[in-house]
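Chemist: File query-v5.txt follows (compact mmCIF, C-alpha atoms):
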# COMPACT_ATOMS: atom_id res chain seq x y z
CA MET Z 1 -95.61 64.58 55.51
CA ARG Z 2 -95.26 61.12 53.96
CA LYS Z 3 -92.44 62.40 51.73
CA THR Z 4 -90.69 63.87 54.76
CA PHE Z 5 -91.08 60.62 56.66
CA LEU Z 6 -89.64 58.61 53.75
CA LEU Z 7 -86.66 60.97 53.49
CA ILE Z 8 -85.99 60.64 57.22
CA ALA Z 9 -86.29 56.86 57.00
CA LEU Z 10 -83.97 56.74 54.01
CA PHE Z 11 -81.43 58.96 55.79
CA THR Z 12 -81.62 56.76 58.87
CA LEU Z 13 -81.15 53.62 56.78
CA CYS Z 14 -78.15 55.11 55.01
CA LEU Z 15 -76.63 56.24 58.29
CA SER Z 16 -77.24 52.80 59.77
CA SER Z 17 -75.64 51.12 56.77
CA SER Z 18 -72.66 53.44 57.10
CA VAL Z 19 -72.27 52.55 60.77
CA ILE Z 20 -72.57 48.85 60.03
CA SER Z 21 -69.99 49.18 57.24
CA SER Z 22 -67.66 51.07 59.56
CA GLU Z 23 -68.06 48.43 62.26
CA ASN Z 24 -67.34 45.67 59.74
CA ASN Z 25 -64.21 47.51 58.62
CA THR Z 26 -62.86 47.74 62.15
CA ALA Z 27 -63.91 44.33 63.42
CA ASP Z 28 -61.01 41.89 63.66
CA VAL Z 29 -61.02 38.36 62.25
CA ASN Z 30 -60.59 34.98 63.87
CA ASP Z 31 -57.23 33.37 63.25
CA PRO Z 32 -55.68 30.42 65.11
CA ARG Z 33 -52.50 32.46 65.52
CA GLY Z 34 -54.40 35.03 67.57
CA LYS Z 35 -53.75 38.75 67.48
CA MET Z 36 -50.35 39.95 66.33
CA LYS Z 37 -48.10 41.29 69.07
CA PRO Z 38 -45.71 43.98 67.84
CA TRP Z 39 -42.46 44.46 69.71
CA ASP Z 40 -42.23 47.43 72.03
CA LYS Z 41 -38.53 48.18 71.53
CA GLY Z 42 -36.54 48.94 68.40
CA ALA Z 43 -33.36 47.38 67.05
CA TRP Z 44 -31.26 50.40 68.03
CA GLU Z 45 -31.99 49.38 71.63
CA THR Z 46 -32.16 45.58 71.37
CA GLY Z 47 -29.99 44.67 68.39
CA LYS Z 48 -32.73 42.23 67.37
CA TYR Z 49 -35.04 41.96 64.37
CA ARG Z 50 -38.40 40.27 64.25
CA ASN Z 51 -39.00 37.27 61.97
CA VAL Z 52 -42.72 37.66 61.33
CA PHE Z 53 -42.78 34.84 58.78
CA LEU Z 54 -41.49 32.43 61.42
CA GLU Z 55 -44.12 33.65 63.89
CA ALA Z 56 -46.75 33.11 61.17
CA GLY Z 57 -45.89 29.42 61.05
CA TYR Z 58 -43.62 29.24 58.02
CA LYS Z 59 -40.47 27.12 58.21
CA GLN Z 60 -37.10 28.83 58.38
CA GLU Z 61 -35.72 26.87 55.44
CA ASP Z 62 -38.70 27.98 53.34
CA ILE Z 63 -38.22 31.59 54.44
CA ASP Z 64 -34.55 31.45 53.46
CA ALA Z 65 -35.42 29.88 50.12
CA LYS Z 66 -38.07 32.49 49.34
CA LEU Z 67 -35.68 35.34 50.14
CA ALA Z 68 -32.91 33.76 48.04
CA LYS Z 69 -35.26 33.26 45.10
CA ALA Z 70 -36.46 36.86 45.22
CA TYR Z 71 -32.85 38.06 45.15
CA HIS Z 72 -32.00 35.64 42.34
CA ASP Z 73 -34.97 36.73 40.25
CA LEU Z 74 -34.00 40.42 40.39
CA PHE Z 75 -30.21 40.19 40.26
CA GLU Z 76 -29.37 36.96 38.45
CA GLY Z 77 -32.40 35.41 36.72
CA PRO Z 78 -33.78 35.81 33.17
CA ASN Z 79 -36.10 38.63 34.28
CA ARG Z 80 -33.45 40.44 36.31
CA VAL Z 81 -33.23 44.22 36.57
CA TYR Z 82 -29.50 44.20 37.43
CA PHE Z 83 -27.02 44.24 34.54
CA GLU Z 84 -23.23 44.26 34.60
CA VAL Z 85 -21.33 46.36 32.06
CA GLY Z 86 -17.84 47.68 31.37
CA ASP Z 87 -14.72 46.14 29.88
CA ASN Z 88 -14.35 43.73 32.78
CA ASN Z 89 -17.94 43.84 34.02
CA ASP Z 90 -16.67 46.19 36.70
CA MET Z 91 -19.85 48.28 36.72
CA ALA Z 92 -23.57 47.54 36.93
CA TYR Z 93 -26.91 49.27 36.93
CA VAL Z 94 -30.50 48.57 37.95
CA THR Z 95 -33.04 49.46 35.30
CA ASP Z 96 -36.72 50.32 35.26
CA ILE Z 97 -37.35 48.10 32.27
CA LYS Z 98 -40.85 49.35 31.50
CA ASN Z 99 -39.58 52.95 31.28
CA ARG Z 100 -36.27 52.01 29.64
CA ASP Z 101 -34.12 54.01 32.02
CA ALA Z 102 -31.97 53.73 35.12
CA ARG Z 103 -33.05 55.86 38.07
CA THR Z 104 -31.41 57.01 41.26
CA GLU Z 105 -34.35 55.30 42.97
CA GLY Z 106 -33.39 51.91 41.50
CA LEU Z 107 -29.62 52.30 41.89
CA SER Z 108 -30.04 53.33 45.52
CA TYR Z 109 -32.39 50.41 46.18
CA GLY Z 110 -29.93 48.03 44.55
CA LEU Z 111 -27.14 49.36 46.77
CA MET Z 112 -29.28 48.87 49.88
CA VAL Z 113 -30.07 45.29 48.89
CA ALA Z 114 -26.39 44.61 48.22
CA VAL Z 115 -25.20 45.90 51.59
CA GLN Z 116 -28.00 44.10 53.43
CA PHE Z 117 -27.13 40.81 51.67
CA ASN Z 118 -23.39 41.40 52.21
CA LYS Z 119 -22.64 41.42 48.48
CA LYS Z 120 -19.72 43.81 48.25
CA ASP Z 121 -18.94 43.06 44.60
CA VAL Z 122 -22.49 43.96 43.57
CA PHE Z 123 -22.43 47.11 45.67
CA ASP Z 124 -19.11 48.28 44.24
CA LYS Z 125 -20.21 47.71 40.64
CA LEU Z 126 -23.42 49.63 41.18
CA TRP Z 127 -21.62 52.49 42.87
CA ARG Z 128 -19.00 52.80 40.11
CA TRP Z 129 -21.75 53.07 37.48
CA THR Z 130 -23.68 55.56 39.59
CA VAL Z 131 -20.64 57.82 39.99
CA LYS Z 132 -19.69 57.61 36.33
CA TYR Z 133 -23.06 58.19 34.73
CA MET Z 134 -25.28 59.82 37.34
CA GLN Z 135 -23.18 61.92 39.67
CA HIS Z 136 -22.43 65.51 38.67
CA GLN Z 137 -18.70 66.06 39.01
CA GLU Z 138 -18.79 69.83 38.60
CA GLY Z 139 -21.12 72.80 38.33
CA PRO Z 140 -23.97 73.93 40.61
CA SER Z 141 -25.18 70.34 41.19
CA GLU Z 142 -21.71 68.95 41.95
CA ALA Z 143 -21.96 65.69 43.97
CA TYR Z 144 -25.72 65.41 43.32
CA PHE Z 145 -27.14 62.89 40.86
CA ALA Z 146 -29.14 62.98 37.63
CA TRP Z 147 -32.29 61.09 38.52
CA SER Z 148 -32.79 59.40 35.10
CA VAL Z 149 -30.15 58.02 32.73
CA ASN Z 150 -30.33 55.99 29.53
CA PRO Z 151 -28.48 52.81 30.56
CA GLN Z 152 -27.58 51.92 26.98
CA THR Z 153 -25.79 55.17 26.18
CA GLY Z 154 -25.06 56.66 29.61
CA ARG Z 155 -26.78 59.85 28.51
CA GLN Z 156 -28.65 61.71 31.23
CA ASN Z 157 -32.35 61.97 30.42
CA SER Z 158 -32.73 64.54 33.16
CA GLY Z 159 -29.88 66.25 34.96
CA GLY Z 160 -32.08 67.22 37.88
CA SER Z 161 -32.06 65.30 41.14
CA ALA Z 162 -34.82 63.52 43.07
CA SER Z 163 -34.23 63.94 46.79
CA ASP Z 164 -34.98 60.33 47.72
CA GLY Z 165 -32.01 59.17 45.65
CA GLU Z 166 -29.49 61.25 47.56
CA PHE Z 167 -31.23 60.29 50.82
CA TYR Z 168 -30.75 56.58 50.10
CA PHE Z 169 -27.23 56.93 48.67
CA VAL Z 170 -25.89 58.50 51.87
CA THR Z 171 -27.45 55.75 54.00
CA ASP Z 172 -26.23 53.01 51.65
CA LEU Z 173 -22.67 54.33 51.80
CA LEU Z 174 -22.61 54.72 55.58
CA PHE Z 175 -23.77 51.13 55.91
CA ALA Z 176 -21.13 49.98 53.41
CA SER Z 177 -18.47 51.82 55.41
CA ASN Z 178 -19.59 50.04 58.56
CA ARG Z 179 -19.70 46.62 56.92
CA TRP Z 180 -16.61 46.60 54.71
CA GLY Z 181 -14.41 49.44 55.93
CA ASN Z 182 -12.95 52.07 53.63
CA ASP Z 183 -9.67 50.62 52.40
CA THR Z 184 -10.82 47.92 49.97
CA GLY Z 185 -11.02 50.02 46.81
CA ILE Z 186 -13.79 52.49 47.64
CA ASN Z 187 -13.77 54.86 50.58
CA TYR Z 188 -17.49 54.60 51.28
CA TYR Z 189 -17.42 57.04 54.16
CA ALA Z 190 -15.66 59.68 52.07
CA GLU Z 191 -18.23 59.18 49.30
CA ALA Z 192 -21.08 59.64 51.79
CA ARG Z 193 -19.47 62.74 53.26
CA ARG Z 194 -18.97 64.21 49.79
CA ILE Z 195 -22.73 64.10 49.21
CA LEU Z 196 -23.57 65.38 52.69
CA ASP Z 197 -21.02 68.18 52.57
CA ALA Z 198 -22.32 69.18 49.13
CA MET Z 199 -25.86 69.33 50.52
CA TRP Z 200 -24.78 71.80 53.17
CA ALA Z 201 -22.99 73.90 50.56
CA LYS Z 202 -26.09 74.25 48.36
CA ASP Z 203 -27.78 77.49 49.39
CA GLY Z 204 -30.01 78.20 46.41
CA THR Z 205 -27.27 79.65 44.24
CA ASN Z 206 -28.04 78.84 40.60
CA GLY Z 207 -31.32 77.37 41.84
CA ILE Z 208 -29.76 74.34 43.58
CA THR Z 209 -30.68 73.75 47.22
CA HIS Z 210 -30.12 71.37 50.11
CA VAL Z 211 -31.97 68.04 49.90
CA ILE Z 212 -33.60 68.95 53.22
CA ASN Z 213 -35.59 72.15 53.58
CA LEU Z 214 -33.63 73.78 56.36
CA GLU Z 215 -36.58 75.77 57.71
CA SER Z 216 -39.13 72.94 57.82
CA LYS Z 217 -36.49 70.24 58.48
CA MET Z 218 -38.19 68.01 55.91
CA ILE Z 219 -36.92 66.29 52.80
CA THR Z 220 -37.73 68.23 49.64
CA PHE Z 221 -39.38 66.84 46.52
CA VAL Z 222 -36.36 67.90 44.50
CA PRO Z 223 -33.34 69.88 45.72
CA ASP Z 224 -33.90 72.95 43.61
CA ARG Z 225 -36.15 75.99 43.72
CA SER Z 226 -39.01 74.20 41.97
CA GLY Z 227 -39.33 71.53 44.66
CA TYR Z 228 -37.65 72.97 47.74
CA SER Z 229 -40.92 74.08 49.36
CA TRP Z 230 -42.91 70.82 49.22
CA THR Z 231 -42.42 67.10 49.71
CA ASP Z 232 -43.38 63.52 48.94
CA PRO Z 233 -44.67 61.36 51.83
CA SER Z 234 -42.87 58.31 50.48
CA TYR Z 235 -39.52 60.11 50.86
CA HIS Z 236 -39.99 60.33 54.63
CA ILE Z 237 -37.90 57.65 56.34
CA PRO Z 238 -37.18 58.88 59.88
CA ALA Z 239 -34.98 55.85 60.49
CA PHE Z 240 -32.42 57.04 57.93
CA TYR Z 241 -31.87 60.34 59.72
CA GLU Z 242 -30.92 58.42 62.85
CA VAL Z 243 -28.33 56.48 60.83
CA TRP Z 244 -26.86 59.82 59.69
CA ALA Z 245 -26.86 61.15 63.24
CA LYS Z 246 -24.96 58.08 64.43
CA TYR Z 247 -22.45 57.50 61.64
CA ALA Z 248 -22.06 60.58 59.42
CA LYS Z 249 -20.04 62.48 62.04
CA ASP Z 250 -20.36 65.74 60.11
CA GLY Z 251 -21.34 67.97 63.02
CA HIS Z 252 -25.06 68.02 62.19
CA GLU Z 253 -26.14 65.21 64.47
CA ASP Z 254 -28.72 67.22 66.41
CA PHE Z 255 -30.23 68.54 63.19
CA TYR Z 256 -30.68 65.02 61.80
CA LEU Z 257 -32.34 63.82 65.00
CA GLU Z 258 -34.69 66.78 64.84
CA CYS Z 259 -35.47 65.90 61.21
CA ALA Z 260 -36.44 62.38 62.30
CA LYS Z 261 -38.79 63.82 64.92
CA VAL Z 262 -40.32 66.28 62.46
CA SER Z 263 -40.76 63.54 59.86
CA ARG Z 264 -42.73 61.40 62.30
CA GLU Z 265 -44.95 64.37 63.13
CA TYR Z 266 -45.44 65.10 59.42
CA LEU Z 267 -46.54 61.54 58.65
CA GLN Z 268 -49.28 61.82 61.25
CA LYS Z 269 -50.64 64.79 59.29
CA ALA Z 270 -50.14 63.35 55.80
CA CYS Z 271 -51.80 59.97 56.44
CA HIS Z 272 -55.60 60.07 56.14
CA PRO Z 273 -57.32 59.67 59.56
CA VAL Z 274 -59.60 56.86 58.31
CA THR Z 275 -57.82 55.04 55.48
CA GLY Z 276 -54.17 55.78 56.34
CA LEU Z 277 -53.55 56.62 52.66
CA THR Z 278 -51.42 59.59 51.59
CA PRO Z 279 -51.35 61.86 48.55
CA ASP Z 280 -48.33 61.31 46.35
CA ASN Z 281 -47.22 64.90 46.97
CA THR Z 282 -47.99 67.31 49.81
CA GLU Z 283 -47.17 70.63 51.31
CA PHE Z 284 -45.04 70.53 54.44
CA THR Z 285 -48.32 70.78 56.37
CA GLY Z 286 -49.31 67.33 55.11
CA GLU Z 287 -52.05 68.78 52.92
CA ALA Z 288 -52.27 67.47 49.36
CA ARG Z 289 -50.36 69.47 46.78
CA ARG Z 290 -52.70 70.06 43.88
CA ASN Z 291 -52.46 70.98 40.21
CA ARG Z 292 -49.11 69.33 39.67
CA PHE Z 293 -48.32 66.68 37.03
CA GLY Z 294 -51.81 66.71 35.58
CA GLY Z 295 -53.50 66.86 38.97
CA GLY Z 296 -52.45 63.35 39.97
CA SER Z 297 -50.20 64.37 42.82
CA SER Z 298 -53.09 64.95 45.22
CA ALA Z 299 -54.20 61.32 44.89
CA PHE Z 300 -52.76 58.07 46.25
CA GLY Z 301 -50.63 56.36 43.62
CA PHE Z 302 -47.40 54.52 42.91
CA ASP Z 303 -45.08 56.70 45.01
CA SER Z 304 -47.29 56.33 48.07
CA TRP Z 305 -47.09 52.54 48.04
CA ARG Z 306 -43.80 52.93 49.90
CA VAL Z 307 -45.20 54.77 52.91
CA PRO Z 308 -46.30 51.70 54.97
CA MET Z 309 -42.92 50.06 54.43
CA ASN Z 310 -41.06 53.19 55.51
CA ILE Z 311 -43.14 53.59 58.64
CA ALA Z 312 -42.63 49.90 59.45
CA LEU Z 313 -38.86 50.37 59.05
CA ASP Z 314 -38.94 53.22 61.55
CA TYR Z 315 -40.98 51.08 63.94
CA SER Z 316 -38.57 48.14 63.61
CA TRP Z 317 -35.42 50.19 64.14
CA SER Z 318 -36.52 52.94 66.51
CA CYS Z 319 -40.02 52.30 67.88
CA LYS Z 320 -40.27 55.95 68.96
CA ASP Z 321 -43.87 56.55 67.86
CA PRO Z 322 -45.46 53.16 68.57
CA GLU Z 323 -48.97 54.21 69.56
CA TRP Z 324 -49.60 56.21 66.41
CA GLN Z 325 -47.80 53.73 64.15
CA GLN Z 326 -49.85 50.81 65.46
CA ASP Z 327 -53.05 52.80 64.98
CA TYR Z 328 -51.94 53.79 61.48
CA CYS Z 329 -51.40 50.14 60.59
CA LYS Z 330 -54.83 49.23 61.94
CA ARG Z 331 -56.56 51.94 59.91
CA LEU Z 332 -54.73 51.09 56.70
CA GLN Z 333 -55.20 47.34 56.95
CA ASN Z 334 -58.84 47.68 58.01
CA PHE Z 335 -59.57 49.78 54.94
CA LEU Z 336 -57.84 47.42 52.54
CA PHE Z 337 -59.10 44.22 54.15
CA ALA Z 338 -62.68 45.43 53.73
CA ARG Z 339 -62.05 45.72 49.98
CA GLY Z 340 -60.84 42.10 49.84
CA ILE Z 341 -57.51 40.78 51.01
CA ASP Z 342 -56.87 39.22 47.60
CA LYS Z 343 -58.13 42.07 45.43
CA PHE Z 344 -57.68 45.49 47.05
CA GLU Z 345 -56.73 48.09 44.46
CA ASP Z 346 -53.51 50.07 44.13
CA GLN Z 347 -54.83 53.61 43.46
CA PHE Z 348 -57.34 55.77 45.35
CA ASN Z 349 -58.03 59.23 46.54
CA PRO Z 350 -56.60 59.50 50.06
CA ASP Z 351 -60.12 59.23 51.54
CA GLY Z 352 -60.56 55.87 49.82
CA THR Z 353 -62.84 57.01 47.03
CA ALA Z 354 -62.13 56.21 43.39
CA ARG Z 355 -59.65 58.35 41.48
CA GLN Z 356 -60.95 60.24 38.48
CA ARG Z 357 -57.73 59.71 36.57
CA ILE Z 358 -55.93 56.39 36.79
CA MET Z 359 -52.16 56.49 36.44
CA GLY Z 360 -50.64 54.39 33.70
CA ALA Z 361 -47.45 52.31 33.68
CA GLY Z 362 -45.68 50.42 30.94
CA GLY Z 363 -48.40 51.13 28.40
CA TYR Z 364 -51.17 49.88 30.71
CA GLN Z 365 -53.68 52.07 32.51
CA THR Z 366 -55.75 50.05 34.95
CA LEU Z 367 -56.32 49.34 38.60
CA ARG Z 368 -54.83 46.09 39.79
CA HIS Z 369 -53.94 44.14 42.95
CA SER Z 370 -50.29 45.09 42.55
CA LEU Z 371 -47.50 43.03 44.05
CA GLY Z 372 -45.59 46.13 45.14
CA TRP Z 373 -48.56 47.48 47.09
CA VAL Z 374 -49.40 44.05 48.52
CA SER Z 375 -45.78 43.84 49.68
CA THR Z 376 -45.61 47.13 51.53
CA THR Z 377 -48.98 46.62 53.23
CA ALA Z 378 -47.66 43.27 54.43
CA ALA Z 379 -44.49 44.91 55.79
CA ALA Z 380 -46.79 47.12 57.85
CA SER Z 381 -47.73 44.01 59.84
CA LEU Z 382 -44.57 44.60 61.87
CA MET Z 383 -46.79 47.15 63.65
CA SER Z 384 -50.07 45.22 63.58
CA THR Z 385 -52.03 44.49 66.76
CA GLN Z 386 -54.77 42.54 64.97
CA ALA Z 387 -55.22 39.02 63.68
CA LYS Z 388 -55.89 40.69 60.33
CA GLY Z 389 -52.19 41.42 60.11
CA TRP Z 390 -51.48 37.72 59.56
CA LYS Z 391 -53.70 37.80 56.45
CA PHE Z 392 -51.49 40.47 54.87
CA VAL Z 393 -48.40 38.43 55.74
CA ASP Z 394 -49.98 35.36 54.13
CA GLU Z 395 -50.95 37.39 51.08
CA VAL Z 396 -47.37 38.42 50.33
CA TRP Z 397 -46.06 34.95 51.20
CA ASN Z 398 -48.33 33.44 48.55
CA ALA Z 399 -47.67 36.17 45.99
CA LYS Z 400 -45.42 35.64 43.00
CA LEU Z 401 -43.32 37.93 40.85
CA GLU Z 402 -44.84 37.05 37.49
CA PRO Z 403 -46.85 38.71 34.69
CA TYR Z 404 -50.43 39.71 35.46
CA GLU Z 405 -53.30 38.23 33.47
CA ASP Z 406 -53.24 41.11 30.99
CA GLY Z 407 -49.51 40.64 30.34
CA TYR Z 408 -48.23 43.57 32.40
CA PHE Z 409 -45.01 42.69 34.24
CA ASP Z 410 -42.87 44.92 36.43
CA PRO Z 411 -39.90 43.15 37.99
CA TYR Z 412 -38.41 46.58 38.80
CA TYR Z 413 -40.85 48.40 41.11
CA ASP Z 414 -43.07 45.46 42.03
CA GLY Z 415 -40.01 43.26 42.36
CA LEU Z 416 -37.90 45.54 44.51
CA LEU Z 417 -40.75 46.37 46.89
CA TYR Z 418 -41.51 42.64 47.11
CA LEU Z 419 -37.88 41.90 47.98
CA PHE Z 420 -37.80 44.67 50.58
CA SER Z 421 -40.99 43.28 52.14
CA LEU Z 422 -39.48 39.80 52.43
CA MET Z 423 -36.41 41.35 54.06
CA HIS Z 424 -38.57 43.26 56.55
CA LEU Z 425 -40.76 40.30 57.47
CA SER Z 426 -37.86 37.84 57.82
CA GLY Z 427 -35.75 40.14 60.02
CA ASN Z 428 -33.20 40.78 57.28
CA TYR Z 429 -33.53 44.54 56.84
CA GLN Z 430 -31.07 45.69 59.48
CA ILE Z 431 -29.04 48.60 60.78
CA ILE Z 432 -25.53 47.79 59.52
CA THR Z 433 -23.29 48.63 62.46
CA PRO Z 434 -19.46 48.64 62.66
CA ASP Z 435 -19.50 45.43 64.73
CA MET Z 436 -20.87 43.69 61.61
CA ALA Z 437 -17.65 44.51 59.73
CA GLN Z 438 -16.15 41.72 57.65
Rewrite the coordinates I just gave you, this time as structure tokens.

Modeler:
Amino acid sequence: MRKTFLLIALFTLCLSSSVISSENNTADVNDPRGKMKPWDKGAWETGKYRNVFLEAGYKQEDIDAKLAKAYHDLFEGPNRVYFEVGDNNDMAYVTDIKNRDARTEGLSYGLMVAVQFNKKDVFDKLWRWTVKYMQHQEGPSEAYFAWSVNPQTGRQNSGGSASDGEFYFVTDLLFASNRWGNDTGINYYAEARRILDAMWAKDGTNGITHVINLESKMITFVPDRSGYSWTDPSYHIPAFYEVWAKYAKDGHEDFYLECAKVSREYLQKACHPVTGLTPDNTEFTGEARRNRFGGGSSAFGFDSWRVPMNIALDYSWSCKDPEWQQDYCKRLQNFLFARGIDKFEDQFNPDGTARQRIMGAGGYQTLRHSLGWVSTTAAASLMSTQAKGWKFVDEVWNAKLEPYEDGYFDPYYDGLLYLFSLMHLSGNYQIITPDMAQ
């Protein structure tokens, strides 16, 4: 009887502790700025973009300086990831220095930064290099891109494509067409249409497919038979589909709008109901895809860092799923805040438990309070309804792109996500419309 009583008491104590812990996780904090108040309309409707840094109390001249420094560090400084090449420096690439390659991910991010910052020369150099060394000019993958290239030799490390690269390239080019027109050396619209038209022509022949799974209306992991039937949560950017529907003018407008809707519904399934974390790879149902790449794909890792930023972008531009997106932000930030605003880790299982196998990067294999992850969780504050959201904004404001204590340094992934976060939170990640033409 005594043993039974002790077991009951212990169970009750554990349950009580769990409830207390849960309450502490969800309780808001006191902050003189009060609770954050997300906007209830998107930029497509208002034409306006929120400057969260300014609302947080930072001076506009300091915001401008921080954004300029972040751009300088990545594109011009001694630790830059942007390099100009060619006889007359007429081409350029962005490199993942730690992995010694250039990726469609990085080139497409560089193009987005260039068009957002109105740097046509940078955009054109990046695009010329991308076409010359990454884009397939013939064969089954014609108009698609090799996802990894040796920037020193131009040799393709892998001829296969990663769907997020094509997804970004089309959006980058449509924005460039709107901003600079199509008669200044590069016909950006024609380049975008070439990729889109090629997507629609890929029907599985020779194993090459559309970037979007036409049945599920979701972006594929890779546009070939091996990855056509599953996806990556960090590839889901509903806002981009709406750009295609507005500016691609290829007759598939309704399909793209439906893809945006489906993507929002998918994210609700893929994000954990308590932590908000996602697996790196999932089925189209949102369930973790297991037994791929050493089993790591079912856990939350580097790819998934981008999910909060992508959801925040959709909130900022469209605001079509505000109730869920605000709740998602609350769950994610509550979970991370409880682990310490200045120390929360960058890898988990989606339920918040510790991973059995930590992913490595650049010769290091450790958990850390990574700048890239800090940055995207701060961008999520565009959706925050809590005072806690300010703490994430402050955390990225005070962060620096510099080596960690153990010497690890990643100006590529950490740096680009940091720059994107500053753009989001300063109101400088915008829909480039034709009325912004130069």

Chemist: Which residue, Z:Gly110, Z:Pro151, Z:Gly372, Z:Gly286, has the smallest gap to Asp124 in chain Z when you use all atoms listed in the file?

Modeler: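 Ranked by minimum distance to Asp124 in chain Z, first place goes to Z:Gly110.
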
Chemist: Hey, can you check how far CA of Asp73 in chain Z sits from CA of Leu107 in chain Z?

Modeler: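 Between these atoms lies a distance of 16.5 Å.
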
Chemist: Output as CSV one row per residue of range 161-267 of chain Z within 12 Å of range 41-55 of chain Z: the closest atom pair and its distance in Å to one decimal place, counting only C-alpha atoms, sorted by chain and residue number ascending.

Modeler:
residue,atom,partner,partner_atom,distance
Z:Ala239,CA,Z:Trp44,CA,10.0
Z:Glu242,CA,Z:Trp44,CA,9.6
Z:Val243,CA,Z:Trp44,CA,9.9
Z:Lys246,CA,Z:Trp44,CA,10.6

Chemist: Quick one: residues within 7 Å of range 266-280 of chain Z, only C-alpha atoms, excluding same-chain residues fewer than 2 positions away - as a list in words?

Modeler: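 Counting only the stated atoms, we get Asp232, Pro233, Val262, Ser263, Arg264, Thr282, Gly286, Glu287, Ala288, Ser297, Ser298, Ala299, Phe300, Gly301, Asp303, Ser304, Tyr328, Arg331, Leu332, Phe335, Pro350, Asp351 and Gly352 of chain Z.
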
Chemist: I need the chosen residues saved as a PDB file, in the coordinates of the input, with C-alpha atoms.

Modeler:
ATOM      1  CA  ASP Z 232     -43.380  63.520  48.940  1.00  0.00           C
ATOM      2  CA  PRO Z 233     -44.670  61.360  51.830  1.00  0.00           C
ATOM      3  CA  VAL Z 262     -40.320  66.280  62.460  1.00  0.00           C
ATOM      4  CA  SER Z 263     -40.760  63.540  59.860  1.00  0.00           C
ATOM      5  CA  ARG Z 264     -42.730  61.400  62.300  1.00  0.00           C
ATOM      6  CA  THR Z 282     -47.990  67.310  49.810  1.00  0.00           C
ATOM      7  CA  GLY Z 286     -49.310  67.330  55.110  1.00  0.00           C
ATOM      8  CA  GLU Z 287     -52.050  68.780  52.920  1.00  0.00           C
ATOM      9  CA  ALA Z 288     -52.270  67.470  49.360  1.00  0.00           C
ATOM     10  CA  SER Z 297     -50.200  64.370  42.820  1.00  0.00           C
ATOM     11  CA  SER Z 298     -53.090  64.950  45.220  1.00  0.00           C
ATOM     12  CA  ALA Z 299     -54.200  61.320  44.890  1.00  0.00           C
ATOM     13  CA  PHE Z 300     -52.760  58.070  46.250  1.00  0.00           C
ATOM     14  CA  GLY Z 301     -50.630  56.360  43.620  1.00  0.00           C
ATOM     15  CA  ASP Z 303     -45.080  56.700  45.010  1.00  0.00           C
ATOM     16  CA  SER Z 304     -47.290  56.330  48.070  1.00  0.00           C
ATOM     17  CA  TYR Z 328     -51.940  53.790  61.480  1.00  0.00           C
ATOM     18  CA  ARG Z 331     -56.560  51.940  59.910  1.00  0.00           C
ATOM     19  CA  LEU Z 332     -54.730  51.090  56.700  1.00  0.00           C
ATOM     20  CA  PHE Z 335     -59.570  49.780  54.940  1.00  0.00           C
ATOM     21  CA  PRO Z 350     -56.600  59.500  50.060  1.00  0.00           C
ATOM     22  CA  ASP Z 351     -60.120  59.230  51.540  1.00  0.00           C
ATOM     23  CA  GLY Z 352     -60.560  55.870  49.820  1.00  0.00           C
TER      24      GLY Z 352
END

Chemist: For a quick check of understanding, using only C-alpha atoms, which of Z:Lys132, Z:His424, Z:His252, Z:Lys400 has the smallest distance to Tyr315 in chain Z?

Modeler: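 Closest candidate: Z:His424.
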
Chemist: How far is it from CA of Glu105 in chain Z to CA of Gly165 in chain Z, in Å with one decimal?

Modeler: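 One can read the CA of Glu105 in chain Z to CA of Gly165 in chain Z distance as 5.3 Å.
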
Chemist: Interatomic distance between CA of Lys125 in chain Z and CA of Asp250 in chain Z?

Modeler: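 Straight-line distance from CA of Lys125 in chain Z to CA of Asp250 in chain Z works out to 26.5 Å.
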
Chemist: Taking all atoms of range 235-239 of chain Z that appear in the file, build a box with edges along x, y and z, extend it by 3 Å on every side, and state its centre and edge lengths in Å to one decimal, as AutoDock Vina command-line options.

Modeler:
--center_x -37.5 --center_y 58.1 --center_z 55.7 --size_x 11.0 --size_y 10.5 --size_z 15.6
